[in-house]
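Enquirer: Just data30.txt, nothing more (compact mmCIF, C-alpha atoms):
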```txt
# COMPACT_ATOMS: atom_id res chain seq x y z
CA MET E 1 28.75 214.15 -27.81
CA LYS E 2 29.99 213.54 -24.28
CA ASN E 3 28.30 210.64 -22.54
CA ARG E 4 26.42 211.47 -19.41
CA THR E 5 25.54 209.98 -16.04
CA VAL E 6 22.16 210.77 -14.54
CA GLY E 7 21.62 209.95 -10.88
CA ILE E 8 18.16 209.58 -9.40
CA LEU E 9 18.00 209.69 -5.62
CA MET E 10 15.94 206.84 -4.19
CA TYR E 11 14.60 206.48 -0.67
CA GLU E 12 11.81 204.82 1.28
CA SER E 13 8.39 206.14 0.20
CA VAL E 14 9.63 207.90 -2.90
CA ASN E 15 6.73 208.50 -5.27
CA GLU E 16 6.74 205.99 -8.11
CA LEU E 17 6.06 208.24 -11.09
CA ASP E 18 8.22 211.04 -9.65
CA PHE E 19 11.31 208.95 -10.23
CA LEU E 20 10.13 206.80 -13.13
CA GLY E 21 9.06 209.62 -15.44
CA PRO E 22 12.57 211.16 -15.61
CA TYR E 23 14.08 207.65 -15.63
CA GLU E 24 12.15 206.77 -18.78
CA VAL E 25 13.06 210.03 -20.50
CA PHE E 26 16.78 209.84 -19.77
CA ALA E 27 16.99 206.11 -20.45
CA ASN E 28 15.47 206.74 -23.86
CA SER E 29 18.40 209.02 -24.69
CA ASP E 30 20.39 206.02 -25.78
CA TYR E 31 17.55 203.55 -26.30
CA ILE E 32 16.65 205.50 -29.44
CA VAL E 33 20.17 204.87 -30.71
CA ARG E 34 20.00 201.13 -30.11
CA VAL E 35 16.44 200.43 -31.26
CA PRO E 36 15.62 201.44 -34.82
CA LEU E 37 12.19 202.99 -34.42
CA PHE E 38 12.85 205.82 -36.84
CA PRO E 39 13.50 205.67 -40.58
CA PRO E 40 17.15 205.67 -41.66
CA HIS E 41 17.11 209.31 -42.75
CA VAL E 42 16.61 210.37 -39.13
CA ALA E 43 20.19 210.73 -37.93
CA ILE E 44 20.68 210.09 -34.23
CA ASP E 45 24.12 210.81 -32.80
CA PRO E 46 25.53 208.13 -30.55
CA LEU E 47 25.16 209.04 -26.90
CA GLN E 48 25.34 206.90 -23.82
CA VAL E 49 23.33 208.04 -20.86
CA ASP E 50 23.88 205.94 -17.79
CA VAL E 51 20.80 206.33 -15.58
CA ARG E 52 21.51 205.26 -12.02
CA LEU E 53 19.15 204.74 -9.14
CA ILE E 54 21.10 205.82 -6.08
CA GLY E 55 20.16 205.21 -2.46
CA LYS E 56 21.88 206.03 0.79
CA THR E 57 22.73 202.36 0.64
CA ARG E 58 22.25 199.77 -2.07
CA GLY E 59 19.25 197.50 -1.65
CA THR E 60 15.55 197.48 -2.26
CA VAL E 61 13.36 200.52 -1.75
CA THR E 62 9.63 200.40 -1.09
CA CYS E 63 8.04 203.31 -2.88
CA GLU E 64 5.11 205.40 -1.72
CA LYS E 65 2.39 203.16 -3.14
CA GLY E 66 4.13 199.88 -2.48
CA LEU E 67 6.26 199.26 -5.57
CA ARG E 68 9.53 197.62 -4.59
CA VAL E 69 12.51 198.56 -6.72
CA GLU E 70 16.14 197.50 -6.65
CA VAL E 71 18.58 200.34 -6.06
CA PRO E 72 21.92 199.23 -7.46
CA TYR E 73 24.02 202.22 -6.36
CA SER E 74 24.77 203.88 -3.05
CA ILE E 75 25.80 207.48 -2.56
CA ASP E 76 29.30 206.18 -1.82
CA ASP E 77 29.44 204.69 -5.33
CA CYS E 78 28.61 207.95 -7.10
CA ASP E 79 30.86 210.98 -6.83
CA ASN E 80 30.42 212.35 -10.31
CA LEU E 81 27.08 212.97 -11.95
CA ASP E 82 26.07 215.18 -14.82
CA VAL E 83 22.43 215.38 -13.80
CA LEU E 84 20.93 214.83 -10.36
CA VAL E 85 17.21 214.12 -10.07
CA VAL E 86 15.60 214.34 -6.64
CA PRO E 87 12.07 212.94 -6.80
CA GLY E 88 9.40 213.61 -4.20
CA GLY E 89 7.14 211.41 -2.17
CA SER E 90 5.88 210.90 1.35
CA GLY E 91 9.39 210.01 2.50
CA VAL E 92 10.81 213.46 1.83
CA ASP E 93 10.96 214.59 5.45
CA ALA E 94 13.20 211.73 6.54
CA VAL E 95 15.66 212.41 3.74
CA SER E 96 15.57 216.14 4.45
CA ALA E 97 16.80 215.35 7.98
CA ASP E 98 19.60 213.02 6.89
CA ALA E 99 22.83 214.98 7.12
CA GLU E 100 24.83 212.35 5.29
CA VAL E 101 22.55 212.32 2.25
CA LEU E 102 22.33 216.12 2.23
CA ALA E 103 26.12 216.42 2.29
CA TRP E 104 26.33 214.03 -0.66
CA ILE E 105 23.76 216.07 -2.58
CA ARG E 106 25.73 219.28 -1.98
CA ARG E 107 28.94 217.58 -3.08
CA VAL E 108 27.66 215.99 -6.31
CA ALA E 109 25.54 219.00 -7.24
CA ARG E 110 28.72 221.07 -7.51
CA GLY E 111 29.78 218.94 -10.47
CA CYS E 112 26.36 218.66 -12.11
CA GLU E 113 25.28 220.46 -15.23
CA TRP E 114 21.73 220.25 -13.93
CA THR E 115 20.39 219.69 -10.44
CA THR E 116 16.70 218.91 -10.57
CA SER E 117 13.73 218.08 -8.39
CA VAL E 118 10.31 216.64 -9.01
CA CYS E 119 7.33 217.46 -6.81
CA ASN E 120 8.19 217.92 -3.13
CA GLY E 121 11.64 216.53 -3.82
CA LEU E 122 12.47 220.22 -3.87
CA PHE E 123 12.32 220.22 -0.06
CA ILE E 124 15.33 217.90 -0.02
CA LEU E 125 17.30 220.32 -2.20
CA THR E 126 16.18 223.13 0.10
CA ALA E 127 17.35 221.21 3.16
CA ALA E 128 20.67 220.74 1.38
CA GLY E 129 20.93 224.50 1.01
CA LEU E 130 20.75 224.52 -2.78
CA THR E 131 17.69 226.67 -3.33
CA ALA E 132 18.55 229.89 -1.46
CA ASP E 133 17.13 232.89 -3.32
CA LYS E 134 16.30 230.68 -6.31
CA LYS E 135 13.11 230.66 -8.33
CA VAL E 136 11.47 227.32 -7.65
CA THR E 137 8.27 225.32 -7.86
CA THR E 138 6.86 222.16 -6.33
CA HIS E 139 3.62 220.14 -6.15
CA TRP E 140 0.64 222.48 -5.90
CA ALA E 141 -0.35 221.05 -2.51
CA ALA E 142 3.10 221.89 -1.11
CA LEU E 143 3.32 225.50 -2.30
CA ASP E 144 2.12 227.00 0.98
CA ALA E 145 4.49 224.88 3.02
CA LEU E 146 7.33 225.88 0.73
CA ARG E 147 6.52 229.56 1.11
CA GLY E 148 6.21 229.12 4.87
CA THR E 149 9.42 227.30 5.53
CA GLY E 150 12.07 226.78 2.95
CA ALA E 151 11.88 229.24 0.14
CA THR E 152 13.83 232.46 0.21
CA GLY E 153 13.32 233.20 -3.49
CA PRO E 154 10.22 233.41 -5.68
CA VAL E 155 7.88 230.42 -5.56
CA LEU E 156 6.16 230.00 -8.91
CA GLU E 157 2.90 228.16 -9.42
CA ASP E 158 0.92 226.93 -12.42
CA VAL E 159 4.11 226.06 -14.26
CA GLN E 160 5.42 222.62 -15.14
CA PHE E 161 8.98 223.46 -14.18
CA VAL E 162 11.17 226.42 -13.34
CA ARG E 163 14.80 226.91 -14.23
CA ASP E 164 17.13 229.15 -12.24
CA GLY E 165 20.73 228.72 -13.28
CA PRO E 166 21.60 225.02 -13.12
CA LEU E 167 18.64 224.31 -10.81
CA VAL E 168 15.42 223.01 -12.37
CA SER E 169 12.46 222.27 -10.11
CA SER E 170 9.28 220.77 -11.44
CA ALA E 171 5.71 220.65 -10.27
CA GLY E 172 4.06 217.46 -9.02
CA VAL E 173 4.63 213.90 -10.09
CA SER E 174 4.05 213.73 -13.85
CA ALA E 175 5.57 217.19 -14.39
CA GLY E 176 8.93 215.45 -14.03
CA ILE E 177 8.41 214.06 -17.54
CA ASP E 178 8.18 217.54 -19.04
CA MET E 179 11.14 218.70 -16.96
CA ALA E 180 13.34 215.78 -17.98
CA LEU E 181 12.47 216.26 -21.64
CA TRP E 182 13.49 219.89 -21.35
CA VAL E 183 16.77 219.00 -19.64
CA ILE E 184 17.75 216.37 -22.21
CA GLY E 185 16.93 218.88 -24.92
CA GLN E 186 19.34 221.34 -23.31
CA ILE E 187 22.06 218.72 -22.86
CA THR E 188 21.68 217.46 -26.42
CA THR E 189 19.33 219.17 -28.85
CA PRO E 190 15.61 219.93 -28.88
CA ALA E 191 15.41 217.63 -31.93
CA ARG E 192 16.70 214.72 -29.87
CA ALA E 193 14.26 215.53 -27.07
CA ARG E 194 11.48 215.39 -29.66
CA LEU E 195 12.64 211.95 -30.81
CA ILE E 196 12.48 210.80 -27.20
CA GLN E 197 9.05 212.33 -26.83
CA ARG E 198 7.96 210.55 -30.00
CA THR E 199 9.43 207.25 -28.78
CA MET E 200 7.39 207.60 -25.60
CA GLN E 201 4.45 208.66 -27.76
CA TYR E 202 4.05 211.53 -25.37
CA ASP E 203 1.16 213.36 -26.98
CA PRO E 204 -0.74 213.68 -23.75
CA ALA E 205 -4.47 214.20 -23.79
CA PRO E 206 -6.04 213.84 -20.36
CA PRO E 207 -9.47 212.39 -21.00
CA TYR E 208 -11.65 214.41 -18.61
CA THR E 209 -10.80 218.01 -19.13
CA ALA E 210 -13.25 219.97 -16.99
CA GLU E 211 -11.80 221.55 -13.89
CA VAL E 212 -12.29 219.99 -10.45
CA MET A 1 -18.62 201.69 -4.19
CA LYS A 2 -17.31 198.20 -4.84
CA ASN A 3 -13.60 197.79 -4.26
CA ARG A 4 -11.55 196.75 -7.24
CA THR A 5 -8.51 194.69 -8.07
CA VAL A 6 -6.31 195.83 -10.93
CA GLY A 7 -3.77 193.36 -12.27
CA ILE A 8 -0.76 194.48 -14.29
CA LEU A 9 1.01 191.75 -16.22
CA MET A 10 4.77 191.84 -15.69
CA TYR A 11 7.43 190.06 -17.68
CA GLU A 12 11.10 190.29 -18.64
CA SER A 13 11.78 193.43 -20.70
CA VAL A 14 8.44 195.08 -20.02
CA ASN A 15 8.69 198.80 -20.70
CA GLU A 16 9.02 200.76 -17.48
CA LEU A 17 6.56 203.59 -18.09
CA ASP A 18 4.11 201.29 -19.88
CA PHE A 19 3.36 199.56 -16.60
CA LEU A 20 4.12 202.36 -14.18
CA GLY A 21 1.84 204.99 -15.71
CA PRO A 22 -1.34 202.94 -15.17
CA TYR A 23 0.06 201.73 -11.81
CA GLU A 24 0.33 205.31 -10.58
CA VAL A 25 -3.15 206.22 -11.81
CA PHE A 26 -4.92 203.23 -10.28
CA ALA A 27 -2.91 203.35 -7.04
CA ASN A 28 -4.00 206.96 -6.64
CA SER A 29 -7.63 205.83 -6.59
CA ASP A 30 -7.36 205.14 -2.90
CA TYR A 31 -4.28 207.22 -2.15
CA ILE A 32 -6.48 210.30 -2.54
CA VAL A 33 -8.76 208.91 0.16
CA ARG A 34 -5.93 208.33 2.61
CA VAL A 35 -3.87 211.47 2.04
CA PRO A 36 -5.69 214.77 2.56
CA LEU A 37 -4.47 216.82 -0.39
CA PHE A 38 -7.84 218.39 -1.09
CA PRO A 39 -9.87 220.77 1.08
CA PRO A 40 -12.55 219.19 3.26
CA HIS A 41 -15.42 220.28 1.00
CA VAL A 42 -14.14 217.94 -1.71
CA ALA A 43 -15.97 214.72 -0.88
CA ILE A 44 -14.11 211.58 -1.90
CA ASP A 45 -15.96 208.30 -1.53
CA PRO A 46 -14.02 205.49 0.10
CA LEU A 47 -12.71 203.06 -2.47
CA GLN A 48 -9.98 200.48 -2.22
CA VAL A 49 -8.15 199.64 -5.39
CA ASP A 50 -5.68 196.82 -4.99
CA VAL A 51 -3.07 197.21 -7.72
CA ARG A 52 -1.15 193.98 -8.25
CA LEU A 53 1.94 193.33 -10.30
CA ILE A 54 1.48 189.81 -11.64
CA GLY A 55 4.11 187.67 -13.32
CA LYS A 56 4.06 184.15 -14.66
CA THR A 57 5.89 183.45 -11.42
CA ARG A 58 6.62 185.65 -8.43
CA GLY A 59 10.07 187.15 -8.31
CA THR A 60 12.01 190.04 -9.73
CA VAL A 61 11.57 191.29 -13.26
CA THR A 62 14.20 193.22 -15.21
CA CYS A 63 12.42 195.80 -17.30
CA GLU A 64 13.35 196.98 -20.78
CA LYS A 65 15.77 199.68 -19.68
CA GLY A 66 17.18 197.84 -16.71
CA LEU A 67 14.88 198.72 -13.82
CA ARG A 68 14.46 195.74 -11.52
CA VAL A 69 11.08 195.45 -9.85
CA GLU A 70 9.63 192.96 -7.42
CA VAL A 71 6.59 191.11 -8.70
CA PRO A 72 4.67 189.90 -5.67
CA TYR A 73 1.96 187.88 -7.45
CA SER A 74 1.97 185.01 -9.89
CA ILE A 75 -0.77 184.20 -12.37
CA ASP A 76 -1.67 181.27 -10.11
CA ASP A 77 -2.41 183.73 -7.29
CA CYS A 78 -4.87 185.81 -9.30
CA ASP A 79 -8.07 184.32 -10.65
CA ASN A 80 -10.30 187.33 -10.27
CA LEU A 81 -9.48 190.79 -11.52
CA ASP A 82 -11.66 193.74 -12.32
CA VAL A 83 -9.15 195.38 -14.63
CA LEU A 84 -6.30 193.74 -16.51
CA VAL A 85 -3.47 195.91 -17.83
CA VAL A 86 -1.07 194.40 -20.35
CA PRO A 87 1.88 196.73 -20.85
CA GLY A 88 4.24 196.58 -23.81
CA GLY A 89 7.97 196.39 -24.14
CA SER A 90 10.68 194.53 -25.99
CA GLY A 91 9.71 191.30 -24.23
CA VAL A 92 6.28 191.10 -25.86
CA ASP A 93 7.14 188.34 -28.34
CA ALA A 94 8.18 185.87 -25.67
CA VAL A 95 4.96 186.41 -23.73
CA SER A 96 2.90 186.17 -26.91
CA ALA A 97 4.31 182.66 -27.37
CA ASP A 98 3.66 181.51 -23.82
CA ALA A 99 0.55 179.33 -23.91
CA GLU A 100 0.24 179.25 -20.14
CA VAL A 101 0.21 183.02 -19.76
CA LEU A 102 -2.16 183.43 -22.71
CA ALA A 103 -4.58 180.91 -21.21
CA TRP A 104 -4.50 182.84 -17.94
CA ILE A 105 -5.19 186.10 -19.77
CA ARG A 106 -8.19 184.58 -21.55
CA ARG A 107 -9.52 183.19 -18.27
CA VAL A 108 -9.19 186.35 -16.16
CA ALA A 109 -10.32 188.63 -18.97
CA ARG A 110 -13.71 186.90 -18.93
CA GLY A 111 -14.31 188.30 -15.44
CA CYS A 112 -12.86 191.75 -16.06
CA GLU A 113 -14.84 194.92 -16.45
CA TRP A 114 -11.97 196.24 -18.55
CA THR A 115 -9.18 194.46 -20.38
CA THR A 116 -6.53 196.93 -21.44
CA SER A 117 -3.21 197.18 -23.22
CA VAL A 118 -0.50 199.79 -23.43
CA CYS A 119 1.76 200.16 -26.46
CA ASN A 120 2.63 196.84 -28.12
CA GLY A 121 1.17 195.00 -25.15
CA LEU A 122 -1.77 194.74 -27.53
CA PHE A 123 0.09 191.97 -29.38
CA ILE A 124 -0.18 189.82 -26.25
CA LEU A 125 -3.94 190.32 -26.14
CA THR A 126 -4.05 189.51 -29.85
CA ALA A 127 -2.07 186.32 -29.28
CA ALA A 128 -4.57 185.45 -26.55
CA GLY A 129 -7.37 185.80 -29.10
CA LEU A 130 -9.01 188.77 -27.42
CA THR A 131 -8.86 191.33 -30.20
CA ALA A 132 -10.60 189.56 -33.09
CA ASP A 133 -12.59 192.09 -35.14
CA LYS A 134 -12.04 194.75 -32.48
CA LYS A 135 -11.07 198.35 -33.00
CA VAL A 136 -7.58 198.71 -31.55
CA THR A 137 -4.44 200.82 -31.45
CA THR A 138 -0.82 200.40 -30.43
CA HIS A 139 2.51 202.26 -30.49
CA TRP A 140 2.89 204.18 -33.77
CA ALA A 141 5.97 202.18 -34.70
CA ALA A 142 4.02 198.92 -34.40
CA LEU A 143 0.96 199.89 -36.46
CA ASP A 144 2.21 198.31 -39.68
CA ALA A 145 3.13 195.08 -37.95
CA LEU A 146 -0.28 195.02 -36.31
CA ARG A 147 -2.04 195.50 -39.62
CA GLY A 148 0.17 192.85 -41.19
CA THR A 149 -0.23 190.11 -38.66
CA GLY A 150 -2.65 190.28 -35.84
CA ALA A 151 -5.45 192.70 -36.45
CA THR A 152 -8.72 191.57 -38.00
CA GLY A 153 -10.59 194.73 -37.08
CA PRO A 154 -9.91 198.43 -37.65
CA VAL A 155 -6.50 199.69 -36.53
CA LEU A 156 -6.74 203.32 -35.44
CA GLU A 157 -3.83 205.72 -35.33
CA ASP A 158 -3.25 209.19 -33.93
CA VAL A 159 -5.44 208.43 -30.93
CA GLN A 160 -4.36 208.02 -27.33
CA PHE A 161 -6.58 205.00 -26.75
CA VAL A 162 -9.44 203.13 -28.36
CA ARG A 163 -12.33 201.44 -26.64
CA ASP A 164 -14.28 198.57 -28.17
CA GLY A 165 -16.62 196.98 -25.70
CA PRO A 166 -14.64 196.05 -22.60
CA LEU A 167 -11.33 196.19 -24.51
CA VAL A 168 -9.29 199.38 -24.29
CA SER A 169 -6.01 199.58 -26.16
CA SER A 170 -3.73 202.57 -25.88
CA ALA A 171 -0.98 204.02 -27.98
CA GLY A 172 2.66 203.96 -26.94
CA VAL A 173 4.17 204.15 -23.48
CA SER A 174 2.89 207.35 -21.87
CA ALA A 175 -0.52 207.00 -23.51
CA GLY A 176 -1.23 204.42 -20.81
CA ILE A 177 -1.64 207.30 -18.38
CA ASP A 178 -4.49 208.80 -20.40
CA MET A 179 -6.04 205.37 -20.87
CA ALA A 180 -5.92 204.51 -17.17
CA LEU A 181 -7.41 207.88 -16.23
CA TRP A 182 -10.26 207.22 -18.64
CA VAL A 183 -10.84 203.72 -17.24
CA ILE A 184 -10.88 204.84 -13.61
CA GLY A 185 -13.31 207.58 -14.60
CA GLN A 186 -15.60 204.96 -16.10
CA ILE A 187 -15.32 202.67 -13.07
CA THR A 188 -15.89 205.51 -10.63
CA THR A 189 -16.72 208.98 -11.88
CA PRO A 190 -15.04 211.51 -14.15
CA ALA A 191 -14.82 213.78 -11.10
CA ARG A 192 -12.73 211.20 -9.28
CA ALA A 193 -10.51 210.75 -12.32
CA ARG A 194 -9.96 214.51 -12.29
CA LEU A 195 -8.93 214.38 -8.63
CA ILE A 196 -6.40 211.69 -9.51
CA GLN A 197 -5.19 213.76 -12.42
CA ARG A 198 -4.84 216.75 -10.11
CA THR A 199 -2.99 214.66 -7.52
CA MET A 200 -0.53 213.62 -10.21
CA GLN A 201 -0.47 217.25 -11.36
CA TYR A 202 -1.00 215.87 -14.82
CA ASP A 203 -1.21 219.11 -16.77
CA PRO A 204 1.21 217.93 -19.41
CA ALA A 205 3.08 220.46 -21.50
CA PRO A 206 5.84 218.87 -23.58
CA PRO A 207 8.56 221.52 -23.77
CA TYR A 208 9.63 221.26 -27.43
CA THR A 209 6.53 221.34 -29.48
CA ALA A 210 7.69 221.49 -33.10
CA GLU A 211 7.25 218.30 -35.09
CA VAL A 212 10.11 215.92 -35.75
```
Any chance you could give the structure as structure tokens?

Expert:
Amino acid sequence: MKNRTVGILMYESVNELDFLGPYEVFANSDYIVRVPLFPPHVAIDPLQVDVRLIGKTRGTVTCEKGLRVEVPYSIDDCDNLDVLVVPGGSGVDAVSADAEVLAWIRRVARGCEWTTSVCNGLFILTAAGLTADKKVTTHWAALDALRGTGATGPVLEDVQFVRDGPLVSSAGVSAGIDMALWVIGQITTPARARLIQRTMQYDPAPPYTAEV
Amino acid sequence: MKNRTVGILMYESVNELDFLGPYEVFANSDYIVRVPLFPPHVAIDPLQVDVRLIGKTRGTVTCEKGLRVEVPYSIDDCDNLDVLVVPGGSGVDAVSADAEVLAWIRRVARGCEWTTSVCNGLFILTAAGLTADKKVTTHWAALDALRGTGATGPVLEDVQFVRDGPLVSSAGVSAGIDMALWVIGQITTPARARLIQRTMQYDPAPPYTAEV
């Protein structure tokens, strides 16, 4: 199986779980090869997935809720990606106005198998011109804004993620986990995605189930 | 409502989502006050929740899959916490052998409303002597080891988290999200936990549902 490079766009005030959910999923793609969690009869094909945090420049980014994370790659370091993940967060507007970053997104997306967004990260892809006439989704609180400004295709709600061609947009924050699991299952096999899910013990059961 | 301080223990090779899931949940406790996602009729009481990443020393920690995160607090900075979160990861053994960190855990846990673990972070609490005769759980792949070595009380499996008095242990990795939502619902109200869940759009739907 061909090794892959996954790039996650990082910027000031990116939401923490928006980027970290997909990071954990994709990083587990080869972690499950290296760490023997499963019994020997579970065959796991070798696969290296290089997950890169990529900023406009290298350095340290302060996320939306204050987490400070090192960003080891700049957009100038990364011309070829197989998967691009654009997380959301309160810093989306600044990135959506940054012509240099948008040009990089357009350029790398051309070579990507999958171009993805989490939450309102979709607005960055829209600013880059990659969502025209596409079926998309975003965080529930941003659906009206999306319909009002950026979207020229159908805006879906009450879904975890939406695929339209090589574009996959997910709903808010934690929905990026479901989206990334789906993408790795498409790149590899659903069985491998299930091993990753099992490694993350992702059997979610929110404890207070009544509606707000 | 009394403001709270949540401390998350950080160490070399901590699992990324183990610590970040609870971080996101607890940090949203006051984020939802500051950011108007909900319509005005949804009353949200003011509440500050100070979420601190705490290491044996301040500095930068390299997590299990390579993420590098700044840790702004040391154990010497933090004598009083309301909630302690001990995440898991491949670095658990080293921490479990660190008498200074274990002594700190014992000391702060005495003042905590809730002492919690994610994944094999439970082994650190066990090494600190805080799980004797308690009902506990951990990552599925660590259940046998837990039964063999540390546990003197019932070890539960196939549950997202287990509460025994002020001790709450959760299953692997992403189960920390469910656990943290439950804890914040106990500290505040289930309604507030639901608002946090909604903010994180945590309506999980793993995409490949067949069993491994």

Enquirer: When you count all atoms listed in the file, which of these residues is closest to Thr138 of chain E: E:Glu64, E:Asp18, E:Pro72, E:Thr189?

Expert: E:Asp18

Enquirer: Go through A:Leu47, A:Ala27, A:Val168, A:Ile105 one by one, measure the shortest atom-to-atom distance of each to chain E using only C-alpha atoms, and give the residue with the smallest value.

Expert: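 Using only C-alpha atoms, the shortest distance to chain E belongs to A:Ala27.
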
Enquirer: Hey, can I get the axis-aligned box for segment 168-178 of chain A? All listed atoms, 6 Å padding on each side, centre and edge lengths in Å to one decimal, as JSON.

Expert:
```
{"center_x": -2.6, "center_y": 204.1, "center_z": -23.2, "size_x": 25.5, "size_y": 21.4, "size_z": 21.6}
```

Enquirer: Could you list the residues in chain A lying within 6 Å of chain E, using all atoms listed in the file, and format the result as a tab-separated table (two decimals) with C-alpha atoms, in the frame of the given file?

Expert:
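result19.tsv, written as the output of this step:
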```tsv
chain	number	residue	atom	x	y	z
A	68	ARG	CA	14.46	195.74	-11.52
A	69	VAL	CA	11.08	195.45	-9.85
A	70	GLU	CA	9.63	192.96	-7.42
A	172	GLY	CA	2.66	203.96	-26.94
A	173	VAL	CA	4.17	204.15	-23.48
A	174	SER	CA	2.89	207.35	-21.87
A	178	ASP	CA	-4.49	208.80	-20.40
A	182	TRP	CA	-10.26	207.22	-18.64
A	200	MET	CA	-0.53	213.62	-10.21
A	201	GLN	CA	-0.47	217.25	-11.36
A	202	TYR	CA	-1.00	215.87	-14.82
A	206	PRO	CA	5.84	218.87	-23.58
A	207	PRO	CA	8.56	221.52	-23.77
```

Enquirer: Could you tell me how far atom CA of Leu125 of chain E sits from atom CA of Phe26 of chain A, in Å to one decimal place?

Expert: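 Taking atom CA of Phe26 of chain A as the start and atom CA of Leu125 of chain E as the end point, the length is 29.2 Å.
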
Enquirer: Expressed in Å to a single decimal, how great is the separation between atom CA of Thr188 of chain E and atom CA of Ile75 of chain E?

Expert: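 Between these atoms lies a distance of 26.2 Å.
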
Enquirer: Which residue out of A:Val83, A:Ala43, A:Ala127, A:Val136 has the minimum interatomic distance to Ser96 of chain A when all atoms listed in the file are used?

Expert: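 Closest residue, counting all atoms listed in the file: A:Ala127.
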
Enquirer: Have a look at atom CA of Ser29 of chain E and atom CA of Val49 of chain E and let me know their distance in Å, one decimal.

Expert: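 Taking atom CA of Ser29 of chain E as the start and atom CA of Val49 of chain E as the end point, the length is 6.3 Å.
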
Enquirer: Could you give me, as a list of chain:residue names, the residues that sit within 7 Å of (13.8, 206.4, -8.5) in the file's coordinates, counting all atoms listed in the file?

Expert: E:Ile8, E:Leu9, E:Met10, E:Phe19, E:Leu20, E:Leu53, E:Pro87

Enquirer: Tell me, as a VMD selection string, which residues lie within 6 Å of Gly153 of chain A, counting all atoms listed in the file; anything in the same chain fewer than 3 positions away does not count.

Expert: chain A and resid 133 to 135
